[in-house]
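Reproduced below: input.cif, with mmCIF, C-alpha atoms (C1' of nucleotides).
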data_input
#
loop_
_atom_site.label_atom_id
_atom_site.label_comp_id
_atom_site.auth_asym_id
_atom_site.auth_seq_id
_atom_site.Cartn_x
_atom_site.Cartn_y
_atom_site.Cartn_z
CA MET D 1 0.23 5.13 -0.03
CA PRO D 2 -1.59 2.51 -1.91
CA GLU D 3 -3.78 -0.48 -1.53
CA LEU D 4 -5.42 -2.14 -4.51
CA PRO D 5 -7.88 0.70 -5.33
CA GLU D 6 -5.21 3.39 -5.28
CA VAL D 7 -2.86 1.37 -7.47
CA GLU D 8 -5.76 0.76 -9.84
CA ILE D 9 -6.30 4.53 -10.11
CA VAL D 10 -2.59 5.07 -10.73
CA LYS D 11 -2.73 2.41 -13.42
CA GLN D 12 -5.73 4.02 -15.14
CA SER D 13 -4.20 7.47 -14.85
CA VAL D 14 -0.79 6.59 -16.15
CA GLU D 15 -1.97 4.24 -18.88
CA ARG D 16 -3.56 7.05 -20.86
CA SER D 17 -0.24 8.81 -21.20
CA ILE D 18 2.41 6.14 -21.52
CA LEU D 19 0.66 3.45 -23.57
CA PHE D 20 2.48 2.90 -26.91
CA GLN D 21 5.12 5.44 -25.94
CA LYS D 22 8.82 4.78 -26.26
CA ILE D 23 11.15 5.40 -23.34
CA ASN D 24 13.85 7.85 -24.42
CA ASP D 25 15.99 7.80 -21.35
CA VAL D 26 16.08 6.87 -17.68
CA LEU D 27 17.68 8.67 -14.76
CA ILE D 28 18.11 6.78 -11.50
CA LYS D 29 19.06 9.14 -8.71
CA ASN D 30 18.83 6.68 -5.85
CA ARG D 31 18.87 2.91 -6.20
CA LYS D 32 18.36 2.21 -2.53
CA LEU D 33 14.67 1.47 -2.36
CA ARG D 34 13.35 -1.52 -0.42
CA PHE D 35 15.37 -3.64 -2.78
CA LYS D 36 18.27 -2.13 -4.68
CA ILE D 37 17.29 -1.19 -8.23
CA GLN D 38 19.22 -3.47 -10.58
CA ASN D 39 22.34 -1.77 -12.03
CA ASN D 40 21.35 -2.20 -15.64
CA LEU D 41 17.71 -1.11 -15.35
CA LYS D 42 18.34 1.94 -17.51
CA ASN D 43 19.68 -0.11 -20.39
CA LEU D 44 16.97 -2.71 -19.96
CA ILE D 45 14.12 -0.27 -20.61
CA LYS D 46 15.72 2.50 -22.66
CA ASN D 47 14.40 2.75 -26.24
CA LYS D 48 11.68 0.22 -25.52
CA LYS D 49 8.04 0.68 -26.32
CA ILE D 50 5.29 0.19 -23.75
CA ILE D 51 2.63 -2.09 -25.21
CA LYS D 52 0.43 -2.54 -22.17
CA VAL D 53 -0.09 -1.23 -18.64
CA SER D 54 -1.77 -3.39 -16.02
CA ARG D 55 -2.17 -3.88 -12.31
CA LYS D 56 -1.71 -7.06 -10.32
CA PHE D 57 -2.56 -6.91 -6.61
CA LYS D 58 -0.76 -3.78 -5.38
CA TYR D 59 1.70 -3.77 -8.27
CA LEU D 60 1.79 -1.66 -11.41
CA ILE D 61 3.06 -3.67 -14.39
CA ILE D 62 4.53 -2.10 -17.52
CA HIS D 63 4.63 -4.48 -20.47
CA PHE D 64 7.23 -4.26 -23.21
CA GLU D 65 7.56 -6.16 -26.46
CA LYS D 66 9.05 -9.69 -26.38
CA GLU D 67 7.36 -10.45 -23.04
CA GLU D 68 9.48 -8.19 -20.91
CA PHE D 69 8.05 -6.47 -17.86
CA LEU D 70 8.77 -3.78 -15.29
CA ILE D 71 6.88 -3.90 -12.02
CA ILE D 72 6.57 -1.00 -9.60
CA HIS D 73 5.51 -1.35 -5.98
CA PHE D 74 4.68 1.87 -4.13
CA GLY D 75 5.33 0.75 -0.57
CA MET D 76 3.84 3.20 1.93
CA SER D 77 4.73 6.50 0.31
CA GLY D 78 5.56 5.92 -3.37
CA THR D 79 3.92 8.11 -6.01
CA LEU D 80 4.21 8.72 -9.73
CA HIS D 81 4.18 12.18 -11.25
CA LEU D 82 3.66 12.97 -14.90
CA LEU D 83 5.34 16.14 -15.98
CA LYS D 84 4.60 17.59 -19.38
CA LYS D 85 7.48 19.11 -21.26
CA ASN D 86 6.67 22.74 -21.75
CA LYS D 87 9.11 24.95 -23.61
CA ASN D 88 12.15 25.07 -21.36
CA ASP D 89 10.52 23.65 -18.32
CA TYR D 90 8.25 20.96 -17.05
CA THR D 91 4.88 21.56 -15.51
CA ASN D 92 3.08 19.20 -13.27
CA LEU D 93 -0.23 17.91 -14.56
CA SER D 94 -0.33 14.92 -12.35
CA PHE D 95 -1.52 13.49 -9.11
CA TYR D 96 -0.44 13.68 -5.48
CA SER D 97 0.07 16.51 -3.08
CA SER D 98 1.42 19.81 -4.30
CA ARG D 99 0.84 21.37 -7.70
CA SER D 100 4.51 21.05 -8.32
CA LEU D 101 6.81 18.09 -8.06
CA PRO D 102 8.16 17.40 -4.56
CA LYS D 103 11.73 18.63 -4.22
CA LYS D 104 13.08 15.63 -2.37
CA HIS D 105 12.98 11.86 -2.92
CA ASN D 106 12.55 11.79 -6.69
CA HIS D 107 14.44 8.53 -7.13
CA VAL D 108 13.65 7.48 -10.69
CA ILE D 109 12.85 9.61 -13.75
CA ILE D 110 11.66 8.01 -16.99
CA PHE D 111 11.83 10.28 -20.03
CA PHE D 112 9.36 10.08 -22.91
CA PRO D 113 9.34 12.28 -26.03
CA LYS D 114 6.85 14.79 -24.64
CA PHE D 115 6.88 14.26 -20.88
CA LYS D 116 8.62 12.56 -18.04
CA LEU D 117 7.40 10.21 -15.38
CA VAL D 118 8.89 10.69 -11.91
CA TYR D 119 8.84 8.15 -9.09
CA ASN D 120 8.87 9.82 -5.67
CA ASP D 121 9.11 7.84 -2.43
CA PRO D 122 10.16 9.48 0.87
CA ARG D 123 10.20 6.29 2.92
CA ARG D 124 11.70 4.11 0.16
CA PHE D 125 9.58 1.06 0.93
CA GLY D 126 8.64 0.74 -2.74
CA PHE D 127 10.71 -0.88 -5.47
CA PHE D 128 11.25 -1.51 -9.20
CA LYS D 129 11.98 -4.87 -10.74
CA PHE D 130 12.51 -5.90 -14.35
CA PHE D 131 11.60 -9.34 -15.70
CA PHE D 132 12.93 -10.99 -18.85
CA SER D 133 10.01 -13.36 -19.38
CA LYS D 134 6.45 -14.17 -18.44
CA LYS D 135 7.75 -17.22 -16.66
CA GLU D 136 10.03 -15.13 -14.47
CA LEU D 137 7.18 -12.73 -13.71
CA ASN D 138 4.84 -15.55 -12.73
CA PHE D 139 7.52 -17.01 -10.49
CA PHE D 140 7.71 -13.71 -8.62
CA PHE D 141 3.98 -13.84 -7.92
CA LYS D 142 3.76 -17.56 -7.16
CA ASN D 143 3.26 -17.22 -3.39
CA TYR D 144 0.52 -14.63 -3.54
CA GLY D 145 -3.05 -15.52 -2.63
CA PRO D 146 -5.97 -14.92 -4.97
CA GLU D 147 -6.75 -11.31 -5.74
CA VAL D 148 -9.52 -10.00 -3.55
CA LEU D 149 -11.62 -8.91 -6.56
CA SER D 150 -11.16 -12.11 -8.55
CA SER D 151 -13.68 -14.92 -8.62
CA LYS D 152 -11.03 -17.18 -7.03
CA PHE D 153 -11.56 -15.33 -3.78
CA ASP D 154 -14.90 -16.93 -3.00
CA LEU D 155 -16.76 -18.67 -0.20
CA ASN D 156 -15.18 -22.06 -0.85
CA TYR D 157 -11.67 -20.71 -0.87
CA LEU D 158 -12.10 -18.69 2.31
CA LYS D 159 -13.89 -21.49 4.14
CA ARG D 160 -11.13 -23.94 3.30
CA LYS D 161 -8.30 -21.55 4.16
CA LEU D 162 -9.78 -20.45 7.49
CA LYS D 163 -10.33 -23.98 8.75
CA ASN D 164 -7.27 -24.23 10.98
CA LYS D 165 -6.06 -20.64 11.13
CA LYS D 166 -5.14 -19.44 14.60
CA LYS D 167 -4.29 -15.94 13.42
CA ASN D 168 -6.81 -13.15 13.90
CA ILE D 169 -8.90 -12.23 10.88
CA LYS D 170 -7.42 -8.76 10.48
CA ASN D 171 -3.89 -10.07 10.14
CA LEU D 172 -5.15 -12.69 7.73
CA LEU D 173 -6.75 -10.05 5.49
CA LEU D 174 -3.45 -8.14 5.49
CA ASP D 175 -1.49 -11.29 4.63
CA GLN D 176 -0.90 -11.14 0.87
CA THR D 177 -0.33 -14.90 0.66
CA PHE D 178 -3.82 -15.37 2.08
CA VAL D 179 -5.63 -12.85 -0.11
CA SER D 180 -3.92 -10.11 -2.09
CA GLY D 181 -4.81 -6.47 -2.53
CA ILE D 182 -6.12 -5.55 0.92
CA GLY D 183 -4.23 -3.12 3.20
CA ASN D 184 -4.90 -1.51 6.56
CA ILE D 185 -7.63 0.95 5.53
CA TYR D 186 -9.76 -1.56 3.69
CA ALA D 187 -9.18 -4.41 6.15
CA ASN D 188 -10.73 -2.21 8.85
CA GLU D 189 -13.60 -1.09 6.64
CA ILE D 190 -14.36 -4.62 5.44
CA LEU D 191 -14.47 -6.00 8.99
CA PHE D 192 -16.80 -3.23 10.14
CA CYS D 193 -19.20 -3.87 7.27
CA SER D 194 -18.99 -7.61 8.00
CA LYS D 195 -19.69 -6.99 11.73
CA ILE D 196 -16.61 -8.97 12.75
CA ASN D 197 -14.19 -8.08 15.51
CA PRO D 198 -10.69 -7.75 14.00
CA LYS D 199 -9.23 -9.87 16.82
CA LYS D 200 -11.48 -12.83 16.07
CA ILE D 201 -9.53 -15.98 15.28
CA GLY D 202 -9.83 -17.18 11.68
CA LYS D 203 -11.09 -20.68 12.38
CA LYS D 204 -13.81 -19.38 14.72
CA LEU D 205 -15.62 -17.44 12.01
CA LYS D 206 -19.18 -18.52 11.27
CA ILE D 207 -20.27 -19.31 7.75
CA ASN D 208 -22.32 -16.14 7.60
CA GLU D 209 -19.34 -14.07 8.65
CA ILE D 210 -17.20 -15.69 5.97
CA ARG D 211 -19.91 -14.92 3.46
CA ASN D 212 -19.90 -11.30 4.62
CA ILE D 213 -16.14 -10.98 4.22
CA ILE D 214 -16.37 -12.14 0.62
CA LYS D 215 -19.29 -9.85 -0.10
CA PHE D 216 -17.92 -6.71 1.54
CA SER D 217 -14.31 -7.16 0.40
CA LYS D 218 -15.51 -6.82 -3.15
CA LYS D 219 -18.10 -4.18 -2.39
CA VAL D 220 -15.80 -1.89 -0.43
CA LEU D 221 -12.91 -2.13 -2.88
CA ASN D 222 -15.07 -1.65 -5.95
CA LYS D 223 -16.66 1.39 -4.41
CA ALA D 224 -13.25 2.80 -3.48
CA ILE D 225 -12.14 2.42 -7.11
CA LYS D 226 -15.30 4.20 -8.26
CA ARG D 227 -14.49 7.05 -5.89
CA GLY D 228 -10.95 7.37 -7.23
CA GLY D 229 -9.32 5.74 -4.21
CA SER D 230 -8.72 7.15 -0.75
CA SER D 231 -6.82 10.40 -0.32
CA ILE D 232 -5.32 10.27 3.15
CA LYS D 233 -2.22 12.27 2.38
CA ASN D 234 -3.40 14.08 -0.71
CA PHE D 235 -3.35 11.08 -2.97
CA LYS D 236 -4.51 12.26 -6.39
CA ASN D 237 -5.02 10.72 -9.78
CA ILE D 238 -3.14 11.79 -12.85
CA LYS D 239 -5.56 14.61 -13.57
CA GLY D 240 -4.90 16.14 -10.19
CA ASN D 241 -8.19 15.08 -8.66
CA LEU D 242 -8.38 13.79 -5.14
CA GLY D 243 -9.91 10.42 -4.45
CA THR D 244 -12.97 10.74 -2.25
CA PHE D 245 -13.43 7.36 -0.62
CA GLN D 246 -11.93 8.72 2.65
CA LYS D 247 -15.19 10.64 3.06
CA GLU D 248 -16.95 7.31 3.29
CA PHE D 249 -14.70 5.70 5.90
CA LYS D 250 -16.84 4.16 8.59
CA VAL D 251 -14.09 3.30 11.06
CA TYR D 252 -10.64 4.11 9.70
CA GLU D 253 -9.20 7.20 11.39
CA ARG D 254 -12.54 7.78 13.15
CA GLU D 255 -11.34 7.14 16.71
CA ASN D 256 -13.75 8.52 19.35
CA LYS D 257 -16.38 9.34 16.75
CA ASN D 258 -19.84 7.88 16.78
CA CYS D 259 -20.54 4.60 15.06
CA LEU D 260 -22.33 5.33 11.81
CA LYS D 261 -24.57 2.31 11.92
CA LYS D 262 -28.21 3.21 12.38
CA ASN D 263 -29.38 3.10 15.99
CA CYS D 264 -25.93 2.11 17.26
CA ARG D 265 -24.73 4.13 20.24
CA GLY D 266 -21.20 2.80 20.00
CA VAL D 267 -18.04 4.86 19.64
CA ILE D 268 -15.21 3.90 17.32
CA ARG D 269 -12.14 2.66 19.18
CA ARG D 270 -8.57 2.39 18.06
CA ILE D 271 -6.59 -0.62 19.24
CA ILE D 272 -3.21 -2.00 18.19
CA ILE D 273 -3.04 -5.39 16.53
CA SER D 274 0.46 -6.53 15.52
CA ASN D 275 1.86 -3.02 15.61
CA ARG D 276 -0.83 -1.60 13.38
CA SER D 277 -3.94 0.42 14.14
CA ALA D 278 -7.26 -1.35 14.09
CA PHE D 279 -10.48 0.67 14.26
CA LEU D 280 -13.73 -0.89 15.37
CA CYS D 281 -17.08 -0.45 17.01
CA ASN D 282 -17.29 -2.73 20.06
CA TYR D 283 -21.05 -2.93 19.74
CA CYS D 284 -21.31 -3.82 16.08
CA GLN D 285 -18.26 -6.04 15.77
CA LYS D 286 -18.40 -9.14 17.89
"C1'" DC T 287 5.09 -25.74 9.76
"C1'" DC T 288 2.81 -21.44 12.28
"C1'" DG T 289 2.31 -16.91 14.49
"C1'" DT T 290 4.44 -12.71 16.38
"C1'" DT T 291 7.67 -8.96 16.58
"C1'" DA T 292 10.95 -5.76 15.09
"C1'" DA T 293 12.94 -3.64 11.44
"C1'" DC T 294 13.39 -1.12 7.20
"C1'" DC T 295 12.83 4.70 6.21
"C1'" DT T 296 11.27 9.79 6.36
"C1'" DG T 297 8.12 13.39 7.61
"C1'" DA T 298 4.10 15.41 9.88
"C1'" DG T 299 1.94 16.72 13.92
"C1'" DA T 300 1.24 16.94 18.98
"C1'" DG T 301 2.85 18.24 23.38
"C1'" DC T 302 6.11 20.50 26.19
"C1'" DT U 303 12.05 27.51 17.69
"C1'" DG U 304 13.23 23.06 18.90
"C1'" DC U 305 13.22 18.76 21.22
"C1'" DT U 306 10.92 14.18 21.84
"C1'" DC U 307 7.42 11.18 20.93
"C1'" DT U 308 3.95 8.83 18.08
"C1'" DC U 309 2.10 7.68 13.93
"C1'" DA U 310 1.68 6.65 8.80
"C1'" DG U 311 -1.83 3.43 2.96
"C1'" DG U 312 3.62 -2.26 3.29
"C1'" DT U 313 6.40 -6.15 3.70
"C1'" DT U 314 9.54 -9.59 5.62
"C1'" DA U 315 13.66 -11.51 8.27
"C1'" DA U 316 14.28 -13.53 12.48
"C1'" DC U 317 12.70 -15.64 16.40
"C1'" DG U 318 10.13 -18.86 19.62
#
Would you mind writing the file's structure down as structure tokens?
Amino acid sequence: MPELPEVEIVKQSVERSILFQKINDVLIKNRKLRFKIQNNLKNLIKNKKIIKVSRKFKYLIIHFEKEEFLIIHFGMSGTLHLLKKNKNDYTNLSFYSSRSLPKKHNHVIIFFPKFKLVYNDPRRFGFFKFFFSKKELNFFFKNYGPEVLSSKFDLNYLKRKLKNKKKNIKNLLLDQTFVSGIGNIYANEILFCSKINPKKIGKKLKINEIRNIIKFSKKVLNKAIKRGGSSIKNFKNIKGNLGTFQKEFKVYERENKNCLKKNCRGVIRRIIISNRSAFLCNYCQK
DNA sequence: CCGTTAACCTGAGAGC
DNA sequence: TGCTCTCAGGTTAACG
């Protein structure tokens, strides 16, 4: 499901409900996510109060007292559902797909006094991990590159990092140790806006192209956040609203459609780069 | 060290 | 209805 903008929307959506709430109970129905959920997770978070909710890269971070943390990664298909306790039953007031909670793949349920939070993930590429200290948390993130929206991801950084890179620029943008937060949708959109062919080798990029990547990475992602993220498969925020950035895709999932750049007669093509779809206009992106 | 590929999973949709 | 094939917003172990 989520790249940085979608996780940011999840964070904003969920924060409103769970901030300063105490976890009453935890039910883990399936530990076999990308990594096995640690055996004692239930006891580690039960009866603890959430003092902060944040996002780092594509991760949701739940902060507890005494510098303890739970991180959630959503993989390709992970979603959170907030279900309000209503008399004898629960009703869905949350985001994603159907009005009601999916029947299958609800792997983790976190109970609060007045509602429950359900983690659903059909493909099980997501995961949960608990950290006992800030130090441990930082260690987990030590190999990640600067966040795409942070000031650390700037012209100097990108220039220096690209110097001897033989990988193509699209794979570099998807490489979280190079820059973190970008996924396949936004990599394609950023490269279109920057007028760069996704196959172009990193070290061959011109200074102007590097400048464009910096500029449009931030522009595209910020706009996606403003639009509530992209709703490819019915991604919704916690109020049940769809994100709308997919309506503004210029290349992603637009194979065989006309290039949207003014006066361009090109057609959007889909090619495969490292087993993943790349969308581009051959005329605009050299 | 670097870059590429296959693998981890399930479900939706297309084509026959 | 059902089979087979392709594809999906992510990451990483294993290989050359």
Output the residue selection produced by the PyMOL selection byres ((chain T) within 9 of (chain D)) on the file above, formatted as a list in words. DC288, DG289, DT290, DT291, DC294, DC295, DT296 and DG297 of chain T
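What separates atom CA of D:Gly243 from atom CA of D:Phe35 is a distance of 29.0 Å.
For the pair atom CA of D:Lys200 and atom CA of D:Ile273, the separation is 11.3 Å.
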Taking all atoms listed in the file into account, what are the residues of chain U at most 12 Å from chain D, put as a ChimeraX atom specification? /U:309-314
With distances taken over all atoms listed in the file, which residue among D:Asp154, D:Glu68, D:Glu8, D:Glu255 lies nearest D:Lys129? D:Glu68
Between atom CA of D:Leu162 and atom CA of D:Ile207, measure the distance and give it in Å to one decimal. 10.6 Å
Apply the PyMOL selection byres ((chain T and resi 302) around 12) to the file shown and report the selected residues as a list in words.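 Selected by the PyMOL selection byres ((chain T and resi 302) around 12) here: DA300 and DG301 of chain T; DG304, DC305, DT306 and DC307 of chain U.
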Do a neighbour search on stretch 38-49 of chain D at 12 Å with only C-alpha atoms (C1' of nucleotides), toss out local chain neighbours closer than 3 positions, and write the hits as a PyMOL selection string. chain D and resi 18-35+52-53+62-71+108-113+127-132
On this structure, which residues satisfy the PyMOL selection byres ((chain U and resi 315) around 10), written as a PyMOL selection string? (chain T and resi 292-293) or (chain U and resi 314+316-317)
Shell of 7 Å around D:Phe57, all atoms listed in the file, local chain residues under 5 positions omitted, as a PyMOL selection string: chain D and resi 4+147+180-181
Listed atoms of stretch 209-228 of chain D boxed axis-aligned with 4 Å per side, centre + edges as lines of an AutoDock Vina configuration file:
center_x = -15.4
center_y = -4.2
center_z = 0.2
size_x = 17.0
size_y = 31.1
size_z = 24.9
When distances are computed from all atoms listed in the file, which of D:His107, D:Lys56, D:Leu173, D:Ile210 shows the smallest separation from D:Ser150?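 Nearest to D:Ser150: D:Lys56.
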